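Visitor: Sharing run20.cif (mmCIF, C-alpha atoms) below.
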```cif
data_input
loop_
_atom_site.group_PDB
_atom_site.id
_atom_site.type_symbol
_atom_site.label_atom_id
_atom_site.label_comp_id
_atom_site.auth_asym_id
_atom_site.auth_seq_id
_atom_site.Cartn_x
_atom_site.Cartn_y
_atom_site.Cartn_z
ATOM 1 C CA GLN E 16 33.075 38.274 -37.184
ATOM 2 C CA PHE E 17 31.681 39.317 -33.818
ATOM 3 C CA ALA E 18 29.055 41.520 -35.458
ATOM 4 C CA ALA E 19 28.086 38.649 -37.735
ATOM 5 C CA TYR E 20 27.827 36.299 -34.735
ATOM 6 C CA LEU E 21 25.572 38.727 -32.848
ATOM 7 C CA THR E 22 23.415 39.233 -35.921
ATOM 8 C CA ASN E 23 22.941 35.482 -36.318
ATOM 9 C CA ALA E 24 22.352 35.067 -32.547
ATOM 10 C CA LEU E 25 19.584 37.673 -32.618
ATOM 11 C CA GLN E 26 17.967 35.590 -35.335
ATOM 12 C CA GLY E 27 18.210 32.450 -33.195
ATOM 13 C CA ASP E 28 21.280 30.957 -34.878
ATOM 14 C CA LEU E 29 24.063 30.151 -32.368
ATOM 15 C CA GLY E 30 26.404 28.679 -34.948
ATOM 16 C CA THR E 31 27.705 25.225 -35.785
ATOM 17 C CA SER E 32 29.764 22.915 -33.599
ATOM 18 C CA ILE E 33 33.354 22.438 -34.756
ATOM 19 C CA ILE E 34 33.567 18.890 -33.395
ATOM 20 C CA TYR E 35 30.154 17.467 -34.278
ATOM 21 C CA ASN E 36 29.354 19.681 -37.300
ATOM 22 C CA ARG E 37 25.848 20.151 -35.910
ATOM 23 C CA SER E 38 23.746 23.172 -35.050
ATOM 24 C CA VAL E 39 24.533 24.455 -31.553
ATOM 25 C CA ASN E 40 20.827 25.215 -31.130
ATOM 26 C CA ASP E 41 19.935 21.564 -31.668
ATOM 27 C CA MET E 42 22.657 20.325 -29.308
ATOM 28 C CA ILE E 43 21.574 22.659 -26.517
ATOM 29 C CA TRP E 44 17.906 21.868 -27.057
ATOM 30 C CA GLU E 45 18.594 18.126 -26.785
ATOM 31 C CA LYS E 46 20.385 18.503 -23.442
ATOM 32 C CA VAL E 47 18.641 21.385 -21.712
ATOM 33 C CA GLY E 48 15.496 19.402 -20.887
ATOM 34 C CA ALA E 49 17.337 16.855 -18.729
ATOM 35 C CA THR E 50 19.266 19.620 -16.964
ATOM 36 C CA VAL E 51 16.151 21.672 -16.222
ATOM 37 C CA LEU E 52 14.334 18.587 -14.934
ATOM 38 C CA LEU E 53 17.129 17.679 -12.544
ATOM 39 C CA GLY E 54 18.130 21.199 -11.528
ATOM 40 C CA PHE E 55 14.668 22.714 -11.078
ATOM 41 C CA SER E 56 13.288 19.743 -9.138
ATOM 42 C CA SER E 57 16.293 19.724 -6.815
ATOM 43 C CA ALA E 58 16.289 23.499 -6.338
ATOM 44 C CA LEU E 59 12.567 23.593 -5.558
ATOM 45 C CA LEU E 60 12.817 20.787 -2.992
ATOM 46 C CA SER E 61 15.917 22.399 -1.471
ATOM 47 C CA LEU E 62 14.040 25.695 -1.190
ATOM 48 C CA LEU E 63 11.055 24.125 0.557
ATOM 49 C CA ILE E 64 13.016 21.861 2.901
ATOM 50 C CA GLY E 65 15.789 24.321 3.749
ATOM 51 C CA THR E 66 13.426 27.239 4.333
ATOM 52 C CA ALA E 67 11.090 25.141 6.487
ATOM 53 C CA LEU E 68 13.988 23.880 8.609
ATOM 54 C CA GLY E 69 15.384 27.408 8.942
ATOM 55 C CA ILE E 70 12.034 28.804 10.098
ATOM 56 C CA VAL E 71 11.558 26.025 12.646
ATOM 57 C CA ALA E 72 15.117 26.499 13.951
ATOM 58 C CA ALA E 73 14.594 30.261 14.257
ATOM 59 C CA LYS E 74 11.352 29.810 16.165
ATOM 60 C CA ARG E 75 13.091 27.411 18.565
ATOM 61 C CA GLU E 76 16.469 29.114 18.764
ATOM 62 C CA GLY E 77 18.818 27.421 21.197
ATOM 63 C CA SER E 78 16.781 24.208 21.398
ATOM 64 C CA ALA E 79 18.142 20.738 20.692
ATOM 65 C CA LEU E 80 16.406 20.795 17.301
ATOM 66 C CA ASP E 81 18.117 24.059 16.404
ATOM 67 C CA VAL E 82 21.551 22.783 17.431
ATOM 68 C CA LEU E 83 21.096 19.487 15.584
ATOM 69 C CA SER E 84 19.806 21.049 12.360
ATOM 70 C CA SER E 85 22.544 23.696 12.432
ATOM 71 C CA ASN E 86 25.291 21.086 12.855
ATOM 72 C CA ILE E 87 23.862 18.972 10.022
ATOM 73 C CA SER E 88 23.683 22.083 7.848
ATOM 74 C CA TYR E 89 27.321 22.990 8.526
ATOM 75 C CA THR E 90 28.408 19.413 7.813
ATOM 76 C CA LEU E 91 26.558 19.262 4.482
ATOM 77 C CA ASN E 92 27.887 22.686 3.529
ATOM 78 C CA ALA E 93 31.454 21.431 3.971
ATOM 79 C CA MET E 94 30.964 18.475 1.622
ATOM 80 C CA PRO E 95 31.984 18.840 -2.038
ATOM 81 C CA SER E 96 29.046 17.886 -4.241
ATOM 82 C CA PHE E 97 31.015 15.421 -6.375
ATOM 83 C CA TRP E 98 32.375 13.640 -3.269
ATOM 84 C CA LEU E 99 28.915 13.364 -1.726
ATOM 85 C CA GLY E 100 27.598 12.015 -5.009
ATOM 86 C CA LEU E 101 30.281 9.332 -5.083
ATOM 87 C CA MET E 102 29.507 8.349 -1.481
ATOM 88 C CA LEU E 103 25.810 8.016 -2.296
ATOM 89 C CA ILE E 104 26.686 5.847 -5.293
ATOM 90 C CA ILE E 105 28.791 3.562 -3.097
ATOM 91 C CA LEU E 106 26.042 3.291 -0.483
ATOM 92 C CA PHE E 107 22.797 3.146 -2.454
ATOM 93 C CA ALA E 108 23.958 1.776 -5.817
ATOM 94 C CA THR E 109 26.952 -0.465 -5.088
ATOM 95 C CA GLN E 110 26.191 -1.756 -1.588
ATOM 96 C CA LEU E 111 22.399 -1.647 -1.249
ATOM 97 C CA LYS E 112 21.667 -1.847 -5.008
ATOM 98 C CA LEU E 113 18.551 0.275 -4.589
ATOM 99 C CA PHE E 114 19.148 2.886 -7.293
ATOM 100 C CA PRO E 115 21.106 3.056 -10.559
ATOM 101 C CA SER E 116 24.337 5.031 -10.528
ATOM 102 C CA TYR E 117 24.312 6.496 -14.042
ATOM 103 C CA GLY E 118 22.115 7.603 -16.901
ATOM 104 C CA MET E 119 18.572 8.926 -17.111
ATOM 105 C CA THR E 120 16.758 5.793 -18.264
ATOM 106 C CA ASN E 121 17.311 2.065 -18.548
ATOM 107 C CA ALA E 122 18.717 1.584 -22.059
ATOM 108 C CA ARG E 123 17.793 -2.110 -22.057
ATOM 109 C CA ALA E 124 14.101 -1.492 -21.366
ATOM 110 C CA ASP E 125 11.701 0.249 -23.691
ATOM 111 C CA TYR E 126 9.366 1.800 -21.155
ATOM 112 C CA GLN E 127 6.344 3.800 -22.256
ATOM 113 C CA GLY E 128 3.923 6.130 -20.491
ATOM 114 C CA PHE E 129 3.869 6.068 -16.699
ATOM 115 C CA ALA E 130 6.489 3.306 -16.557
ATOM 116 C CA TYR E 131 8.892 5.632 -18.378
ATOM 117 C CA VAL E 132 8.241 8.414 -15.853
ATOM 118 C CA LEU E 133 8.948 6.044 -12.963
ATOM 119 C CA ASP E 134 12.157 4.908 -14.652
ATOM 120 C CA VAL E 135 13.353 8.514 -15.013
ATOM 121 C CA LEU E 136 12.483 9.248 -11.364
ATOM 122 C CA HIS E 137 14.311 6.099 -10.289
ATOM 123 C CA HIS E 138 17.468 7.194 -12.115
ATOM 124 C CA MET E 139 17.085 10.792 -10.932
ATOM 125 C CA PHE E 140 16.895 9.961 -7.224
ATOM 126 C CA LEU E 141 20.619 9.897 -6.427
ATOM 127 C CA PRO E 142 21.698 12.992 -8.412
ATOM 128 C CA ALA E 143 18.682 14.916 -7.117
ATOM 129 C CA LEU E 144 19.404 13.820 -3.544
ATOM 130 C CA THR E 145 22.996 15.010 -3.903
ATOM 131 C CA LEU E 146 21.936 18.426 -5.164
ATOM 132 C CA ILE E 147 19.285 18.759 -2.453
ATOM 133 C CA LEU E 148 21.698 17.894 0.357
ATOM 134 C CA VAL E 149 24.366 20.364 -0.799
ATOM 135 C CA SER E 150 21.803 23.141 -1.432
ATOM 136 C CA ILE E 151 19.758 22.891 1.781
ATOM 137 C CA PRO E 152 22.398 24.643 3.981
ATOM 138 C CA GLN E 153 22.245 27.961 2.109
ATOM 139 C CA TYR E 154 18.446 28.140 2.327
ATOM 140 C CA PHE E 155 18.555 27.028 5.959
ATOM 141 C CA ARG E 156 21.045 29.712 6.986
ATOM 142 C CA ILE E 157 19.351 32.492 5.032
ATOM 143 C CA ALA E 158 15.862 31.622 6.319
ATOM 144 C CA LYS E 159 16.988 31.287 9.928
ATOM 145 C CA SER E 160 19.009 34.503 10.039
ATOM 146 C CA SER E 161 16.298 36.474 8.207
ATOM 147 C CA VAL E 162 13.522 35.303 10.531
ATOM 148 C CA LEU E 163 15.612 36.104 13.600
ATOM 149 C CA GLN E 164 16.518 39.535 12.251
ATOM 150 C CA VAL E 165 12.948 40.511 11.366
ATOM 151 C CA SER E 166 11.601 39.089 14.654
ATOM 152 C CA ASN E 167 13.791 41.538 16.578
ATOM 153 C CA GLU E 168 12.663 44.596 14.612
ATOM 154 C CA ASP E 169 10.924 47.368 16.552
ATOM 155 C CA PHE E 170 7.648 47.103 14.646
ATOM 156 C CA ILE E 171 7.376 43.385 15.503
ATOM 157 C CA VAL E 172 7.886 44.194 19.193
ATOM 158 C CA ALA E 173 5.180 46.870 18.904
ATOM 159 C CA LEU E 174 2.768 44.399 17.285
ATOM 160 C CA ARG E 175 3.358 41.913 20.095
ATOM 161 C CA ALA E 176 2.738 44.669 22.625
ATOM 162 C CA THR E 177 -0.688 45.333 21.093
ATOM 163 C CA GLY E 178 -1.688 41.731 21.777
ATOM 164 C CA MET E 179 -1.795 40.575 18.154
ATOM 165 C CA PRO E 180 -1.659 36.754 17.888
ATOM 166 C CA GLU E 181 1.828 35.399 17.276
ATOM 167 C CA LYS E 182 0.645 33.309 14.323
ATOM 168 C CA LYS E 183 -0.767 36.360 12.554
ATOM 169 C CA ILE E 184 2.402 38.366 13.256
ATOM 170 C CA PHE E 185 4.555 35.665 11.716
ATOM 171 C CA ASN E 186 2.393 34.960 8.658
ATOM 172 C CA LYS E 187 1.645 38.578 7.776
ATOM 173 C CA TYR E 188 4.780 40.448 8.804
ATOM 174 C CA ILE E 189 7.779 38.265 9.714
ATOM 175 C CA PHE E 190 7.510 35.703 6.918
ATOM 176 C CA ARG E 191 6.839 38.168 4.095
ATOM 177 C CA ASN E 192 9.841 40.280 5.083
ATOM 178 C CA ALA E 193 12.172 37.366 5.840
ATOM 179 C CA ILE E 194 11.450 35.469 2.610
ATOM 180 C CA LEU E 195 12.984 38.110 0.316
ATOM 181 C CA PRO E 196 16.645 36.972 0.684
ATOM 182 C CA THR E 197 15.521 33.386 0.068
ATOM 183 C CA ILE E 198 13.823 34.446 -3.161
ATOM 184 C CA THR E 199 17.086 36.072 -4.226
ATOM 185 C CA ILE E 200 19.065 32.873 -3.637
ATOM 186 C CA PHE E 201 16.485 30.779 -5.484
ATOM 187 C CA GLY E 202 16.448 33.228 -8.391
ATOM 188 C CA ILE E 203 20.229 33.109 -8.698
ATOM 189 C CA SER E 204 20.215 29.303 -8.641
ATOM 190 C CA MET E 205 17.593 29.314 -11.408
ATOM 191 C CA ALA E 206 19.658 31.772 -13.436
ATOM 192 C CA TYR E 207 22.672 29.455 -13.358
ATOM 193 C CA LEU E 208 20.554 26.322 -13.717
ATOM 194 C CA ILE E 209 21.939 25.418 -17.142
ATOM 195 C CA THR E 210 25.534 25.051 -15.940
ATOM 196 C CA GLY E 211 25.001 24.886 -12.182
ATOM 197 C CA VAL E 212 24.630 21.106 -12.022
ATOM 198 C CA SER E 213 27.535 20.237 -14.314
ATOM 199 C CA LEU E 214 29.602 18.352 -11.723
ATOM 200 C CA ILE E 215 26.674 16.212 -10.619
ATOM 201 C CA GLU E 216 25.746 15.428 -14.212
ATOM 202 C CA ILE E 217 29.301 14.283 -14.886
ATOM 203 C CA VAL E 218 29.444 12.109 -11.739
ATOM 204 C CA PHE E 219 26.120 10.410 -12.511
ATOM 205 C CA ALA E 220 26.496 10.448 -16.328
ATOM 206 C CA TRP E 221 23.268 12.442 -16.530
ATOM 207 C CA PRO E 222 22.649 13.381 -20.194
ATOM 208 C CA GLY E 223 22.377 17.119 -19.633
ATOM 209 C CA MET E 224 24.249 20.332 -20.288
ATOM 210 C CA GLY E 225 27.071 19.481 -17.888
ATOM 211 C CA ARG E 226 28.544 16.792 -20.092
ATOM 212 C CA LEU E 227 28.081 18.988 -23.150
ATOM 213 C CA VAL E 228 30.033 21.797 -21.451
ATOM 214 C CA LEU E 229 32.813 19.419 -20.394
ATOM 215 C CA THR E 230 33.134 17.979 -23.890
ATOM 216 C CA ALA E 231 33.168 21.442 -25.469
ATOM 217 C CA ILE E 232 35.908 22.602 -23.081
ATOM 218 C CA THR E 233 38.165 19.565 -23.484
ATOM 219 C CA GLN E 234 37.815 19.552 -27.282
ATOM 220 C CA ARG E 235 37.908 23.360 -27.624
ATOM 221 C CA ASP E 236 34.552 23.534 -29.333
ATOM 222 C CA TYR E 237 34.279 27.318 -29.067
ATOM 223 C CA PRO E 238 30.976 27.840 -30.947
ATOM 224 C CA THR E 239 29.237 25.418 -28.576
ATOM 225 C CA LEU E 240 30.725 27.144 -25.525
ATOM 226 C CA GLN E 241 29.719 30.551 -26.859
ATOM 227 C CA GLY E 242 26.168 29.352 -27.403
ATOM 228 C CA ILE E 243 25.914 27.833 -23.921
ATOM 229 C CA TYR E 244 27.249 30.925 -22.159
ATOM 230 C CA LEU E 245 25.051 33.211 -24.238
ATOM 231 C CA VAL E 246 21.990 31.229 -23.186
ATOM 232 C CA MET E 247 23.198 31.348 -19.583
ATOM 233 C CA SER E 248 23.695 35.129 -19.770
ATOM 234 C CA VAL E 249 20.181 35.626 -21.097
ATOM 235 C CA SER E 250 18.761 33.379 -18.372
ATOM 236 C CA VAL E 251 20.586 35.424 -15.697
ATOM 237 C CA ALA E 252 19.103 38.659 -17.046
ATOM 238 C CA VAL E 253 15.595 37.178 -17.290
ATOM 239 C CA MET E 254 15.658 35.611 -13.823
ATOM 240 C CA THR E 255 16.962 38.846 -12.288
ATOM 241 C CA LEU E 256 13.947 40.638 -13.757
ATOM 242 C CA VAL E 257 11.594 37.901 -12.537
ATOM 243 C CA VAL E 258 13.030 38.122 -8.998
ATOM 244 C CA ASP E 259 12.465 41.888 -8.960
ATOM 245 C CA ILE E 260 8.854 41.360 -10.007
ATOM 246 C CA VAL E 261 8.309 38.672 -7.360
ATOM 247 C CA TYR E 262 9.715 41.072 -4.741
ATOM 248 C CA THR E 263 6.765 43.392 -5.314
ATOM 249 C CA LEU E 264 4.322 40.578 -4.525
ATOM 250 C CA PHE E 265 5.831 40.014 -1.086
ATOM 251 C CA ASP E 266 6.849 43.563 -0.146
ATOM 252 C CA PRO E 267 4.351 46.336 -0.993
ATOM 253 C CA ARG E 268 6.964 48.996 -0.178
ATOM 254 C CA ILE E 269 8.935 48.037 -3.282
ATOM 255 C CA ARG E 270 5.791 48.147 -5.423
ATOM 256 C CA PHE E 271 4.771 51.584 -4.148
ATOM 257 C CA ASN E 272 8.266 53.017 -4.616
#
```
For this file, write the structure as structure tokens.

Guide:
Amino acid sequence: QFAAYLTNALQGDLGTSIIYNRSVNDMIWEKVGATVLLGFSSALLSLLIGTALGIVAAKREGSALDVLSSNISYTLNAMPSFWLGLMLIILFATQLKLFPSYGMTNARADYQGFAYVLDVLHHMFLPALTLILVSIPQYFRIAKSSVLQVSNEDFIVALRATGMPEKKIFNKYIFRNAILPTITIFGISMAYLITGVSLIEIVFAWPGMGRLVLTAITQRDYPTLQGIYLVMSVSVAVMTLVVDIVYTLFDPRIRFN
């Protein structure tokens, strides 16, 4: 049976759902788009914001800005994502009524074109904000510690002693060395993108892979679970390879070795 499953999987057939009697391929394909949209957008914004804040805090270590950003980072890191999502729903959806609390689009409106895009962005704001807030701390900590570590290396001290401008030292030497751990974290988050936002999707009723995973687990739909985890395993392997390739673009030593 296992050999038959692998043979079919290599041919692109992940089986048939026990509960829905539908192709697992079709079910995953229907849901993966919404998950990638939410997860990738949130991860990219978290990467940019968290890394920028970490670099600024490292450059101004010990300042009021560093202390404030560090405390905010620790506070956000201590918050469970589902709890933060519920708090944002209470504040922005229930009290202020600024954003919807569930779904991806307005089922009562038949938007087309640019209006449809705006509707999706409007519904995506709260779940994306939740993911961004809980993801910023890891990028902040990694970026700050990496910049501080590289800045204290002997070759950086030697470059400063030669009179090289500080801006050039940072852009050419400190940043390119310090960004490698951040790339690793981003690559891992992309590898687990398919199931990494499951809790948020469930809280906000986002029609992605998270709800499909939850339904498959509760109803013991094993073919669907097998298909999802096989896709996730392949994505981990692919993203690991991509991260290794990106390393060579930032660090010539890896490319030469």

Visitor: So how far away is atom CA of Leu146 of chain E from atom CA of Leu214 of chain E, in Å?

Guide: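 So the two atoms, atom CA of Leu214 of chain E and atom CA of Leu146 of chain E, lie 10.1 Å apart.
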
Visitor: With the file shown as input, list the residues that the PyMOL selection byres ((chain E and resi 110-123) around 6) selects, as a list of chain:residue names.

Guide: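 Checked against the file, the PyMOL selection byres ((chain E and resi 110-123) around 6) matches E:Ile104, E:Leu106, E:Phe107, E:Ala108, E:Thr109, E:Ala124, E:Asp134, E:Val135, E:His138, E:Phe219, E:Ala220, E:Trp221.
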
Visitor: Let me see the file: selected residues, C-alpha atoms, as a CSV table (one decimal), keeping the file's coordinate frame.

Guide:
```csv
chain,number,residue,atom,x,y,z
E,104,ILE,CA,26.7,5.8,-5.3
E,106,LEU,CA,26.0,3.3,-0.5
E,107,PHE,CA,22.8,3.1,-2.5
E,108,ALA,CA,24.0,1.8,-5.8
E,109,THR,CA,27.0,-0.5,-5.1
E,124,ALA,CA,14.1,-1.5,-21.4
E,134,ASP,CA,12.2,4.9,-14.7
E,135,VAL,CA,13.4,8.5,-15.0
E,138,HIS,CA,17.5,7.2,-12.1
E,219,PHE,CA,26.1,10.4,-12.5
E,220,ALA,CA,26.5,10.4,-16.3
E,221,TRP,CA,23.3,12.4,-16.5
```

Visitor: Please write the residues picked by the PyMOL selection byres ((chain E and resi 17-28) around 12) on this file as a compact mmCIF listing (two decimals) with C-alpha atoms, in the coordinates of the input.

Guide:
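Output saved as result-v6.txt:
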```txt
# COMPACT_ATOMS: atom_id res chain seq x y z
CA GLN E 16 33.08 38.27 -37.18
CA LEU E 29 24.06 30.15 -32.37
CA GLY E 30 26.40 28.68 -34.95
CA THR E 31 27.70 25.22 -35.78
CA SER E 32 29.76 22.92 -33.60
CA ARG E 37 25.85 20.15 -35.91
CA SER E 38 23.75 23.17 -35.05
CA VAL E 39 24.53 24.46 -31.55
CA ASN E 40 20.83 25.22 -31.13
CA ASP E 41 19.93 21.56 -31.67
CA ILE E 43 21.57 22.66 -26.52
CA PRO E 238 30.98 27.84 -30.95
CA THR E 239 29.24 25.42 -28.58
CA GLN E 241 29.72 30.55 -26.86
CA GLY E 242 26.17 29.35 -27.40
CA ILE E 243 25.91 27.83 -23.92
CA LEU E 245 25.05 33.21 -24.24
CA VAL E 246 21.99 31.23 -23.19
CA VAL E 249 20.18 35.63 -21.10
```

Visitor: Between atom CA of Val162 of chain E and atom CA of Leu99 of chain E, what is the distance in Å, rounded to a tenth?

Guide: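 Computing the Euclidean distance for atom CA of Val162 of chain E and atom CA of Leu99 of chain E yields 29.5 Å.
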
Visitor: Using only C-alpha atoms, which of the listed residues (E:Thr263, E:Ser150, E:Thr90, E:Asn36) sits closest to Gly54 of chain E?

Guide: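 Checking each of E:Thr263, E:Ser150, E:Thr90, E:Asn36 against Gly54 of chain E, counting only C-alpha atoms, the winner is E:Ser150.
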
Visitor: Using all atoms listed in the file, give me every residue within 8 Å of (18.6, 14.6, -20.1) in file coordinates, as a ChimeraX atom specification.

Guide: /E:45-50,52,119,221-223

Visitor: With a distance cut-off of 10 Å and only C-alpha atoms, select the neighbouring residues of Gln234 of chain E, excluding the residue or stretch itself and same-chain residues fewer than 5 positions from it, and output the selection as a list in words.

Guide: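 Contacts, in chain order: Ile33, Ile34, Val228 and Leu229 of chain E.
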
Visitor: Hey, which bits of segment 104-156 of chain E sit within 7 Å of segment 56-78 of chain E, and for each residue what's the closest pair of atoms and how far apart in Å (one decimal), counting all atoms listed in the file, rows by chain and increasing number, as JSON lines?

Guide:
```
{"residue": "E:Ala143", "atom": "CA", "partner": "E:Ser57", "partner_atom": "CA", "distance": 5.4}
{"residue": "E:Leu146", "atom": "CA", "partner": "E:Ser57", "partner_atom": "CA", "distance": 6.0}
{"residue": "E:Ile147", "atom": "CA", "partner": "E:Ser61", "partner_atom": "CA", "distance": 5.1}
{"residue": "E:Ser150", "atom": "CA", "partner": "E:Ser61", "partner_atom": "CA", "distance": 5.9}
{"residue": "E:Ile151", "atom": "CA", "partner": "E:Gly65", "partner_atom": "CA", "distance": 4.7}
{"residue": "E:Pro152", "atom": "CA", "partner": "E:Gly65", "partner_atom": "CA", "distance": 6.6}
{"residue": "E:Tyr154", "atom": "CA", "partner": "E:Gly65", "partner_atom": "CA", "distance": 4.9}
{"residue": "E:Phe155", "atom": "CA", "partner": "E:Gly69", "partner_atom": "CA", "distance": 4.4}
{"residue": "E:Arg156", "atom": "CA", "partner": "E:Gly69", "partner_atom": "CA", "distance": 6.4}
```

Visitor: Could you jot down the atom CA of Met94 of chain E to atom CA of Thr145 of chain E separation for me, Å, one decimal place?

Guide: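 Computed distance, atom CA of Met94 of chain E to atom CA of Thr145 of chain E, equals 10.3 Å.
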
Visitor: Using all atoms listed in the file, pick whichever of E:Ile198, E:Ile189, E:Ile105, E:Glu181 has the shortest atom-to-atom distance to Asp169 of chain E.

Guide: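 Closest residue, counting all atoms listed in the file: E:Ile189.
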
Visitor: Give the centre and edge lengths of an axis-aligned box, in Å to one decimal, that holds all listed atoms of segment 180-186 of chain E with 4 Å on each side, as lines of an AutoDock Vina configuration file.

Guide:
```
center_x = 1.4
center_y = 35.8
center_z = 13.3
size_x = 14.2
size_y = 13.1
size_z = 17.2
```

Visitor: Measuring between all atoms listed in the file, which one of E:Gly178, E:Pro196, E:Pro95, E:Pro142 shows the shortest distance to Val218 of chain E?

Guide: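 Result for the nearest residue to Val218 of chain E: E:Pro142.
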
Visitor: Of the candidates E:Ala79, E:Asn92, E:Thr255, E:Met224, which one gets nearest to Trp44 of chain E if we count all atoms listed in the file?

Guide: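 Looking only at the distances to Trp44 of chain E, the closest residue turns out to be E:Met224.
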
Visitor: Neighbours of Asn186 of chain E within 12 Å (all atoms listed in the file; same-chain residues fewer than 6 positions away dropped), as a list in words?

Guide: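 The residues satisfying every condition are Ile70, Val162, Ser166, Ile171, Met179, Pro180, Asn192, Ala193, Ile194 and Phe265 of chain E.
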
Visitor: Could you write those residues out with C-alpha atoms, as a PDB file, keeping the file's coordinate frame?

Guide:
```pdb
ATOM      1  CA  ILE E  70      12.034  28.804  10.098  1.00  0.00           C
ATOM      2  CA  VAL E 162      13.522  35.303  10.531  1.00  0.00           C
ATOM      3  CA  SER E 166      11.601  39.089  14.654  1.00  0.00           C
ATOM      4  CA  ILE E 171       7.376  43.385  15.503  1.00  0.00           C
ATOM      5  CA  MET E 179      -1.795  40.575  18.154  1.00  0.00           C
ATOM      6  CA  PRO E 180      -1.659  36.754  17.888  1.00  0.00           C
ATOM      7  CA  ASN E 192       9.841  40.280   5.083  1.00  0.00           C
ATOM      8  CA  ALA E 193      12.172  37.366   5.840  1.00  0.00           C
ATOM      9  CA  ILE E 194      11.450  35.469   2.610  1.00  0.00           C
ATOM     10  CA  PHE E 265       5.831  40.014  -1.086  1.00  0.00           C
TER      11      PHE E 265
END
```

Visitor: Here is a test: counting only C-alpha atoms, which residue of E:Ala173, E:Ile217, E:Val251, E:Leu103 is nearest to Phe140 of chain E?

Guide: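 Closest to Phe140 of chain E of all the choices is E:Leu103.
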
Visitor: For the structure shown, which residues end up in the PyMOL selection byres ((chain E and resi 250) around 12)? Put them as number ranges by chain, please?

Guide: E: 202-210, 243-249, 251-258

Visitor: E:Ser96, E:Ser84, E:Thr197, E:Thr233: which is nearest Ser160 of chain E, counting only C-alpha atoms?

Guide: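 Among E:Ser96, E:Ser84, E:Thr197, E:Thr233, it is E:Thr197 that comes nearest to Ser160 of chain E.
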